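This report concerns only the one structure given below.
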Amino acid sequence: MQLFRRYQFLFLSIFSLLWPLSASCNPSPAQKLSKALLQYQQLALLNEWATFPKDLCLRPNDTLDFILNLRKNLLLTGDLEKKVNSANNFFDPALTMAVKKFQRRHNLASDGIAGQQTIEALNITPAQRVQQIQLNIKRWQADSALMVQPHVLVNIPDYTLQLIGKAHHTIWQTRVIVGQTLKGFSTTIMAGNITYLVINPGWHIPQSIILREIIPILKADPAYLTRNHMTLYRLNGSRSIKTSAEAINWFTFNPINEPIRIVQEPGPWNALGNLKFIFPNENNIYLHDTPFKALFEQPVRTYSHGCIRVEHPHTLATYLLSTNWQNPVELTSIRQEKELNKIMPLPKPVPVKIGYYTCWVDAAGDLQFRKDIYKLDNLNQNFPLKTSLPGPEVKVPTETKV
């Protein structure tokens with residue numbers, strides 16, 4: 001068995017050297033990941049990966065035996081240069097830099113301290129990473145067949161929106177806020193076409209938010225709607241009758257017998273901000289601005305009810321309203337527009353993909369991993385290692401809503 005493993009390792013090593021020769025000049029995300037898959041198959045076959053106690057914290061200048069295993073893991077991943085002394089149990093500057101690189105590849109605070117989140121990432125074994133990479137190769141393959149370039153790509157676990165041009169090139173990127181991990185409030189995986197944007201939009205609050213969040217508030221604070229520039233309507237057939245929150249007994253209120261609608265007026269207080277971007281879909285998901293900009297500084301950005309909040313929506317609008325993304329012309333009229341709920345069609349529909357990718361190879365050639373925030377990867381601790389080589393790209397079913 002040991003001899004068999006050595007031959008497997010040798011074969012994979014040779015193939016990993018030859019793999020770049022067979023790749024295209026502009027490899028797709030799936031092709032880039034296929035080479036990373038070979039690397040992690042090799043690591044799994046070596047069976048030298050170390051795991052750590054969950055409550056362990058290793059800091060620069062520490063001297064502990066655990067640091068030997070930390071060095072070993074980071075040497076295996078290539079985050080630590082091989083020229084350093086691997087038998088050193090001192091947390092030196094070279095190891096600090098390696099930990100920071102590992103943290104950046106996992107979208108963790110790059111402080112050089114191997115704390116709870118870093119240890120959690122280190123405790124994912126190469127065999128589990130093989131499973132994760134294989135799953136994401138399938139995701140990228142399936143989605144590459146759907147995407148027409150140029151397009152908008154939102155990666156839920158990365159909390160980013162990218163404009164993708166030809167040859168898989170990222171033209172522009174911004175941070176986003178995605179749906180919560182609570183059932184019913186997560187962001188749906190989907191594809192569509194952005195056809196228009198709305199300037200100074202009002203917000204027609206979804207019934208799920210009214211029932212879960214607003215009605216419990218109104219029981220104690222009927223003035224909540226007025227304070228937040230919200231208007232309440234009773235629905236009677238096709239008619240909407242404006243009413244006050246005080247006119248309804250919220251403790252006995254039954255939404256089936258007494259249907260209502262709540263709309264937040266356009267303005268700086270509006271939850272959709274100054275812009276929203278519409279791509280028709282049955283889930284009523286869209287991209288939009290937000291007045292709560294401070295949340296973009298948070299490393300984990302799962303705060304919305306399913307829609308995607310964009311940090312720089314005016315820049316996004318500039319690109320989408322331009323016929324040349326390489327040289328977009330900013331439209332100052334958007335910021336100066338006073339008309340409410342003004343619809344502005346795009347020159348042509350722009351494809352958008354709301355995807356869920358927990359690993360990829362970035363433009364610098366670094367393998368990136370992200371936390372499985374919606375628990376869609378289901379990494380198996382006892383996942384059987386498959387050493388088969390990556391075959392041709394195939395279509396797989398698109399994932400559905402969480």
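Identifiers for the structure tokens are assigned positionally: chains receive A, B, ... in sequence, residues are indexed from 1 per chain, and ligands are indexed from 1 in the order shown.
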* **DSSP helix (DSSP H, G or I) residues within stretch 104-255 of chain A, as number ranges by chain** => A: 104-105, 116-122, 126-146, 156-158, 166-168, 207-220, 224-227, 245-247
Identify, on the basis of only C-alpha atoms, every residue whose closest approach to A:Phe185 does not exceed 12 Å; exclude the query and any residue fewer than 6 positions from it along the same chain; express the result as a list in words.
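Listed by chain and then number, they are Val178, Gly179, Pro206, Ser208, Ile209, Arg212, Asn283, Ile285, Thr302, Tyr303, Ser304, His305, Gly306, Cys307, Ile308, Tyr374, Lys401 and Val402 of chain A.
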Filtering to C-alpha atoms, could you give me those residues as a tab-separated table (two decimals), in the first residue's frame?
```tsv
chain	number	residue	atom	x	y	z
A	178	VAL	CA	-25.81	39.22	1.00
A	179	GLY	CA	-28.71	37.39	2.62
A	206	PRO	CA	-42.04	42.10	1.40
A	208	SER	CA	-42.14	38.12	5.06
A	209	ILE	CA	-40.42	41.17	6.59
A	212	ARG	CA	-41.47	38.64	11.00
A	283	ASN	CA	-37.68	35.44	-6.22
A	285	ILE	CA	-34.17	39.54	-5.82
A	302	THR	CA	-24.77	38.41	5.82
A	303	TYR	CA	-27.23	41.12	6.83
A	304	SER	CA	-29.83	41.42	4.05
A	305	HIS	CA	-33.16	39.65	3.59
A	306	GLY	CA	-32.00	38.08	0.32
A	307	CYS	CA	-31.32	41.03	-1.97
A	308	ILE	CA	-27.77	42.20	-2.60
A	374	TYR	CA	-24.92	28.54	3.70
A	401	LYS	CA	-32.46	28.04	-3.65
A	402	VAL	CA	-31.10	27.24	-0.21
```
Spatial neighbours of stretch 322-337 of chain A, 12 Å, only C-alpha atoms, chain gap at least 2 places, as a JSON list (two decimals) with C-alpha atoms, in the first residue's frame:
```json
[["chain", "number", "residue", "atom", "x", "y", "z"],
["A", 149, "GLN", "CA", -19.43, 37.87, -21.52],
["A", 150, "PRO", "CA", -19.34, 40.59, -20.38],
["A", 151, "HIS", "CA", -21.41, 39.89, -17.28],
["A", 152, "VAL", "CA", -21.98, 40.73, -13.64],
["A", 163, "LEU", "CA", -17.74, 42.95, -13.73],
["A", 164, "ILE", "CA", -16.24, 40.21, -15.88],
["A", 165, "GLY", "CA", -14.98, 41.02, -19.37],
["A", 166, "LYS", "CA", -13.42, 38.91, -22.07],
["A", 169, "HIS", "CA", -10.84, 39.25, -16.81],
["A", 170, "THR", "CA", -12.18, 41.24, -13.84],
["A", 171, "ILE", "CA", -12.77, 44.83, -14.95],
["A", 172, "TRP", "CA", -14.12, 46.17, -11.66],
["A", 197, "LEU", "CA", -32.27, 50.53, -12.95],
["A", 198, "VAL", "CA", -34.54, 52.67, -10.77],
["A", 199, "ILE", "CA", -33.36, 56.03, -9.43],
["A", 200, "ASN", "CA", -34.74, 57.22, -6.07],
["A", 201, "PRO", "CA", -36.79, 54.05, -5.55],
["A", 267, "GLY", "CA", -35.23, 59.42, 0.28],
["A", 273, "GLY", "CA", -30.75, 53.92, -1.03],
["A", 274, "ASN", "CA", -30.59, 55.89, -4.26],
["A", 275, "LEU", "CA", -30.53, 53.04, -6.81],
["A", 276, "LYS", "CA", -31.78, 49.56, -7.50],
["A", 313, "PRO", "CA", -23.90, 51.45, -6.82],
["A", 314, "HIS", "CA", -23.25, 54.65, -8.79],
["A", 315, "THR", "CA", -20.05, 53.22, -10.22],
["A", 316, "LEU", "CA", -21.93, 50.04, -11.12],
["A", 317, "ALA", "CA", -24.59, 52.15, -12.84],
["A", 318, "THR", "CA", -21.89, 53.99, -14.80],
["A", 319, "TYR", "CA", -20.59, 50.70, -16.19],
["A", 320, "LEU", "CA", -24.00, 49.18, -16.93],
["A", 339, "GLU", "CA", -37.61, 62.45, -9.92],
["A", 340, "LEU", "CA", -38.84, 59.59, -7.74],
["A", 341, "ASN", "CA", -38.95, 55.99, -8.96],
["A", 342, "LYS", "CA", -37.43, 56.99, -12.30],
["A", 343, "ILE", "CA", -36.78, 54.00, -14.57],
["A", 344, "MET", "CA", -33.63, 54.08, -16.71],
["A", 345, "PRO", "CA", -33.28, 51.20, -19.21],
["A", 346, "LEU", "CA", -29.83, 49.81, -19.98],
["A", 347, "PRO", "CA", -28.50, 50.12, -23.56],
["A", 348, "LYS", "CA", -28.79, 46.33, -23.69],
["A", 349, "PRO", "CA", -29.52, 43.62, -21.10],
["A", 350, "VAL", "CA", -26.48, 42.60, -19.06]]
```
All residues 10 Å or closer to A:Pro255, only C-alpha atoms, same chain fewer than 4 positions away omitted, as a PyMOL selection string: chain A and resi 207+210-211+259-260
Mind writing the picked residues with N, CA and C atoms as a compact mmCIF listing (two decimals), in the first residue's frame?
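Result file follows (part.txt):
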```txt
# COMPACT_ATOMS: atom_id res chain seq x y z
N GLN A 207 -43.86 40.84 2.35
CA GLN A 207 -44.74 40.37 3.42
C GLN A 207 -43.96 39.60 4.49
N ILE A 210 -42.64 42.12 6.83
CA ILE A 210 -43.74 42.72 7.59
C ILE A 210 -44.15 41.79 8.74
N LEU A 211 -44.32 40.51 8.42
CA LEU A 211 -44.82 39.57 9.42
C LEU A 211 -43.76 39.25 10.48
N PRO A 259 -55.47 41.87 4.71
CA PRO A 259 -54.24 42.08 3.94
C PRO A 259 -53.80 43.54 3.94
N ILE A 260 -52.52 43.74 4.08
CA ILE A 260 -51.98 45.10 4.13
C ILE A 260 -50.74 45.19 3.23
```
**strand (DSSP E) residues, from DSSP on the backbone, in stretch 237-272 of chain A, as a ChimeraX atom specification** = /A:239-243,260-264
